[in-house]
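Everything below belongs to model-v1.txt, which stores compact mmCIF, N, CA and C atoms and all ligand atoms.
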# COMPACT_ATOMS: atom_id res chain seq x y z
N MET A 1 -0.81 13.30 -20.22
CA MET A 1 0.29 14.26 -20.04
C MET A 1 1.01 13.98 -18.73
N PHE A 2 2.31 14.20 -18.78
CA PHE A 2 3.11 14.04 -17.56
C PHE A 2 3.65 15.40 -17.14
N ILE A 3 3.76 15.59 -15.87
CA ILE A 3 4.31 16.84 -15.36
C ILE A 3 5.48 16.52 -14.45
N CYS A 4 6.63 17.11 -14.76
CA CYS A 4 7.80 16.89 -13.91
C CYS A 4 7.51 17.46 -12.53
N ARG A 5 7.69 16.62 -11.52
CA ARG A 5 7.34 17.04 -10.17
C ARG A 5 8.54 17.62 -9.43
N ASN A 6 9.64 17.75 -10.12
CA ASN A 6 10.81 18.36 -9.51
C ASN A 6 10.64 19.88 -9.55
N GLN A 7 10.39 20.47 -8.40
CA GLN A 7 10.23 21.92 -8.35
C GLN A 7 11.59 22.59 -8.38
N PRO A 8 11.73 23.74 -9.06
CA PRO A 8 10.67 24.46 -9.76
C PRO A 8 10.56 24.12 -11.24
N CYS A 9 11.02 22.96 -11.66
CA CYS A 9 10.96 22.59 -13.08
C CYS A 9 9.52 22.57 -13.57
N GLY A 10 8.77 21.55 -13.16
CA GLY A 10 7.35 21.49 -13.49
C GLY A 10 7.03 21.43 -14.97
N ALA A 11 7.98 20.97 -15.79
CA ALA A 11 7.74 20.92 -17.23
C ALA A 11 6.66 19.89 -17.56
N GLU A 12 5.92 20.16 -18.61
CA GLU A 12 4.87 19.25 -19.05
C GLU A 12 5.32 18.49 -20.29
N TRP A 13 5.02 17.19 -20.31
CA TRP A 13 5.46 16.34 -21.41
C TRP A 13 4.34 15.45 -21.88
N GLN A 14 4.37 15.21 -23.19
CA GLN A 14 3.48 14.19 -23.74
C GLN A 14 4.21 12.86 -23.68
N LEU A 15 3.46 11.79 -23.83
CA LEU A 15 4.06 10.45 -23.78
C LEU A 15 5.19 10.32 -24.80
N ALA A 16 5.01 10.93 -25.98
CA ALA A 16 6.01 10.82 -27.04
C ALA A 16 7.30 11.56 -26.69
N ASP A 17 7.25 12.43 -25.72
CA ASP A 17 8.42 13.25 -25.37
C ASP A 17 9.37 12.55 -24.41
N VAL A 18 8.87 11.55 -23.71
CA VAL A 18 9.67 10.94 -22.66
C VAL A 18 9.89 9.47 -22.92
N LEU A 19 10.95 8.94 -22.32
CA LEU A 19 11.27 7.53 -22.42
C LEU A 19 10.95 6.89 -21.07
N ILE A 20 10.02 5.96 -21.09
CA ILE A 20 9.62 5.30 -19.86
C ILE A 20 10.33 3.96 -19.76
N LYS A 21 10.99 3.76 -18.64
CA LYS A 21 11.64 2.46 -18.45
C LYS A 21 11.76 2.14 -16.96
N ASN A 22 12.01 0.87 -16.70
CA ASN A 22 12.13 0.41 -15.34
C ASN A 22 13.59 0.48 -14.92
N GLU A 23 13.86 1.32 -13.96
CA GLU A 23 15.25 1.48 -13.49
C GLU A 23 15.47 0.76 -12.16
N GLY A 24 14.65 -0.25 -11.92
CA GLY A 24 14.83 -1.05 -10.73
C GLY A 24 13.92 -0.68 -9.58
N GLN A 25 13.29 0.45 -9.68
CA GLN A 25 12.37 0.89 -8.64
C GLN A 25 10.99 1.13 -9.22
N GLY A 26 10.67 0.40 -10.27
CA GLY A 26 9.40 0.61 -10.94
C GLY A 26 9.58 1.48 -12.16
N LEU A 27 8.54 1.60 -12.93
CA LEU A 27 8.61 2.39 -14.16
C LEU A 27 8.69 3.87 -13.85
N MET A 28 9.52 4.55 -14.61
CA MET A 28 9.61 6.00 -14.44
C MET A 28 10.16 6.64 -15.71
N PHE A 29 9.97 7.94 -15.79
CA PHE A 29 10.56 8.66 -16.92
C PHE A 29 11.48 9.74 -16.37
N ARG A 30 12.51 10.02 -17.13
CA ARG A 30 13.41 11.10 -16.77
C ARG A 30 12.96 12.36 -17.47
N CYS A 31 12.82 13.42 -16.73
CA CYS A 31 12.43 14.69 -17.33
C CYS A 31 13.52 15.13 -18.30
N PRO A 32 13.16 15.35 -19.58
CA PRO A 32 14.16 15.78 -20.57
C PRO A 32 14.77 17.13 -20.22
N MET A 33 14.08 17.89 -19.39
CA MET A 33 14.55 19.22 -19.04
C MET A 33 15.55 19.20 -17.90
N CYS A 34 15.21 18.55 -16.80
CA CYS A 34 16.05 18.61 -15.61
C CYS A 34 16.62 17.25 -15.20
N GLY A 35 16.14 16.19 -15.80
CA GLY A 35 16.69 14.87 -15.49
C GLY A 35 16.09 14.19 -14.28
N ALA A 36 15.14 14.84 -13.63
CA ALA A 36 14.51 14.22 -12.46
C ALA A 36 13.72 12.98 -12.88
N ARG A 37 13.67 12.01 -12.00
CA ARG A 37 12.92 10.79 -12.30
C ARG A 37 11.53 10.89 -11.70
N ASN A 38 10.54 10.64 -12.54
CA ASN A 38 9.15 10.71 -12.11
C ASN A 38 8.50 9.35 -12.32
N LYS A 39 7.85 8.86 -11.29
CA LYS A 39 7.28 7.52 -11.34
C LYS A 39 6.01 7.49 -12.19
N VAL A 40 5.83 6.41 -12.93
CA VAL A 40 4.62 6.24 -13.72
C VAL A 40 4.05 4.84 -13.49
N LEU A 41 2.78 4.71 -13.75
CA LEU A 41 2.09 3.42 -13.63
C LEU A 41 1.68 2.97 -15.01
N ARG A 42 1.84 1.68 -15.27
CA ARG A 42 1.44 1.13 -16.56
C ARG A 42 0.10 0.43 -16.42
N HIS A 43 -0.75 0.65 -17.41
CA HIS A 43 -2.06 -0.01 -17.42
C HIS A 43 -2.17 -0.81 -18.71
N ASP A 44 -2.48 -2.08 -18.56
CA ASP A 44 -2.69 -2.95 -19.72
C ASP A 44 -4.19 -3.15 -19.90
N ALA A 45 -4.71 -2.63 -20.97
CA ALA A 45 -6.14 -2.81 -21.24
C ALA A 45 -6.39 -4.21 -21.77
N PRO A 46 -7.63 -4.70 -21.60
CA PRO A 46 -7.97 -6.05 -22.08
C PRO A 46 -7.70 -6.23 -23.58
N ASP A 47 -7.77 -5.14 -24.34
CA ASP A 47 -7.55 -5.27 -25.78
C ASP A 47 -6.07 -5.14 -26.16
N GLY A 48 -5.20 -5.10 -25.15
CA GLY A 48 -3.78 -5.06 -25.42
C GLY A 48 -3.17 -3.67 -25.45
N THR A 49 -4.02 -2.67 -25.34
CA THR A 49 -3.50 -1.31 -25.36
C THR A 49 -2.78 -1.00 -24.05
N ILE A 50 -1.60 -0.44 -24.17
CA ILE A 50 -0.83 -0.08 -22.99
C ILE A 50 -0.86 1.44 -22.81
N THR A 51 -1.25 1.87 -21.65
CA THR A 51 -1.25 3.30 -21.36
C THR A 51 -0.45 3.53 -20.08
N TYR A 52 0.02 4.77 -19.95
CA TYR A 52 0.80 5.10 -18.78
C TYR A 52 0.18 6.29 -18.06
N GLU A 53 0.26 6.24 -16.76
CA GLU A 53 -0.31 7.29 -15.93
C GLU A 53 0.75 7.72 -14.91
N GLN A 54 0.88 8.98 -14.72
CA GLN A 54 1.86 9.44 -13.75
C GLN A 54 1.44 9.07 -12.34
N ASP A 55 2.39 8.59 -11.57
CA ASP A 55 2.11 8.22 -10.18
C ASP A 55 2.54 9.37 -9.29
N ASN A 56 1.55 10.04 -8.74
CA ASN A 56 1.85 11.21 -7.91
C ASN A 56 1.88 10.89 -6.43
N SER A 57 1.94 9.60 -6.12
CA SER A 57 1.91 9.22 -4.71
C SER A 57 3.28 9.29 -4.05
N VAL A 58 4.32 9.38 -4.88
CA VAL A 58 5.67 9.44 -4.32
C VAL A 58 6.38 10.68 -4.87
N PRO A 59 7.26 11.28 -4.09
CA PRO A 59 7.98 12.46 -4.56
C PRO A 59 9.01 12.08 -5.61
N PRO A 60 9.34 12.99 -6.51
CA PRO A 60 10.33 12.70 -7.54
C PRO A 60 11.72 12.63 -6.95
N LYS A 61 12.60 11.94 -7.67
CA LYS A 61 13.99 11.85 -7.23
C LYS A 61 14.83 12.80 -8.09
N PRO A 62 15.37 13.82 -7.47
CA PRO A 62 16.17 14.78 -8.25
C PRO A 62 17.38 14.11 -8.88
N ALA A 63 17.79 14.62 -10.01
CA ALA A 63 18.96 14.09 -10.69
C ALA A 63 20.20 14.34 -9.86
N VAL A 64 21.11 13.39 -9.90
CA VAL A 64 22.37 13.55 -9.18
C VAL A 64 23.29 14.44 -10.00
N LYS A 65 23.82 15.46 -9.39
CA LYS A 65 24.69 16.39 -10.11
C LYS A 65 26.12 16.31 -9.59
ZN ZN B 101 12.00 18.49 -14.83

Once you've parsed the file, please lay out its structure as structure tokens.
Ligand SMILES: [Zn+2]
Amino acid sequence: MFICRNQPCGAEWQLADVLIKNEGQGLMFRCPMCGARNKVLRHDAPDGTITYEQDNSVPPKPAVK
């Protein structure tokens, strides 16, 4: 599960709810609710399974309005 770190949004999303892509600063997803960008980490398992984990080490970037 991912949680939008843009306060006070804080919406929770499943992987299927968000689009993860690299926007030049690493992988991230845009919160469908507020548009904030939240960083994620990709993990490649030995069997080829790809999983994503939210990276909480950096603050989110609010959407430009
Ligand atoms: Zn949000």

Point-to-point distance from atom CA of A:His43 to atom CA of A:Arg5, Å rounded to tenths: 20.8 Å

Residues near stretch 16-31 of chain A, cut-off 7 Å, all atoms listed in the file, skip fewer than 3 positions along chain, as a VMD selection string: chain A and resid 4 13 34 to 42

Go ahead and save the picked residues with N, CA and C atoms, as a PDB file, in the coordinates of the input.
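Writing done, so here's again.pdb:
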ATOM      1  N   CYS A   4       6.630  17.110 -14.760  1.00  0.00           N
ATOM      2  CA  CYS A   4       7.800  16.890 -13.910  1.00  0.00           C
ATOM      3  C   CYS A   4       7.510  17.460 -12.530  1.00  0.00           C
ATOM      4  N   TRP A  13       5.020  17.190 -20.310  1.00  0.00           N
ATOM      5  CA  TRP A  13       5.460  16.340 -21.410  1.00  0.00           C
ATOM      6  C   TRP A  13       4.340  15.450 -21.880  1.00  0.00           C
ATOM      7  N   CYS A  34      15.210  18.550 -16.800  1.00  0.00           N
ATOM      8  CA  CYS A  34      16.050  18.610 -15.610  1.00  0.00           C
ATOM      9  C   CYS A  34      16.620  17.250 -15.200  1.00  0.00           C
ATOM     10  N   GLY A  35      16.140  16.190 -15.800  1.00  0.00           N
ATOM     11  CA  GLY A  35      16.690  14.870 -15.490  1.00  0.00           C
ATOM     12  C   GLY A  35      16.090  14.190 -14.280  1.00  0.00           C
ATOM     13  N   ALA A  36      15.140  14.840 -13.630  1.00  0.00           N
ATOM     14  CA  ALA A  36      14.510  14.220 -12.460  1.00  0.00           C
ATOM     15  C   ALA A  36      13.720  12.980 -12.880  1.00  0.00           C
ATOM     16  N   ARG A  37      13.670  12.010 -12.000  1.00  0.00           N
ATOM     17  CA  ARG A  37      12.920  10.790 -12.300  1.00  0.00           C
ATOM     18  C   ARG A  37      11.530  10.890 -11.700  1.00  0.00           C
ATOM     19  N   ASN A  38      10.540  10.640 -12.540  1.00  0.00           N
ATOM     20  CA  ASN A  38       9.150  10.710 -12.110  1.00  0.00           C
ATOM     21  C   ASN A  38       8.500   9.350 -12.320  1.00  0.00           C
ATOM     22  N   LYS A  39       7.850   8.860 -11.290  1.00  0.00           N
ATOM     23  CA  LYS A  39       7.280   7.520 -11.340  1.00  0.00           C
ATOM     24  C   LYS A  39       6.010   7.490 -12.190  1.00  0.00           C
ATOM     25  N   VAL A  40       5.830   6.410 -12.930  1.00  0.00           N
ATOM     26  CA  VAL A  40       4.620   6.240 -13.720  1.00  0.00           C
ATOM     27  C   VAL A  40       4.050   4.840 -13.490  1.00  0.00           C
ATOM     28  N   LEU A  41       2.780   4.710 -13.750  1.00  0.00           N
ATOM     29  CA  LEU A  41       2.090   3.420 -13.630  1.00  0.00           C
ATOM     30  C   LEU A  41       1.680   2.970 -15.010  1.00  0.00           C
ATOM     31  N   ARG A  42       1.840   1.680 -15.270  1.00  0.00           N
ATOM     32  CA  ARG A  42       1.440   1.130 -16.560  1.00  0.00           C
ATOM     33  C   ARG A  42       0.100   0.430 -16.420  1.00  0.00           C
TER      34      ARG A  42
END

Distance of atom CA of A:Ser57 from atom N of A:Met33, expressed in Å to one decimal place: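 Rounded to one decimal, the two atoms are 20.9 Å apart.
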
Distance of atom CA of A:Gln14 from atom CA of A:Gln54, expressed in Å to one decimal place: 11.2 Å

Report as JSON the centre and the edge lengths, in Å to one decimal, of the axis-aligned box holding every listed atom of stretch 3-19 of chain A, padded by 8 Å on each side.
{"center_x": 7.6, "center_y": 15.7, "center_z": -17.7, "size_x": 24.3, "size_y": 33.6, "size_z": 34.7}

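Using all atoms listed in the file, the shortest contact distance between ligand ZN 101 (chain B) and any of A:Ala45, A:Asn56, A:Pro62, A:Cys9 is found at A:Cys9.
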
DSSP strand (DSSP E) selection over stretch 15-52 of chain A, as a ChimeraX atom specification: /A:20-22,27-30,37-44,50-52
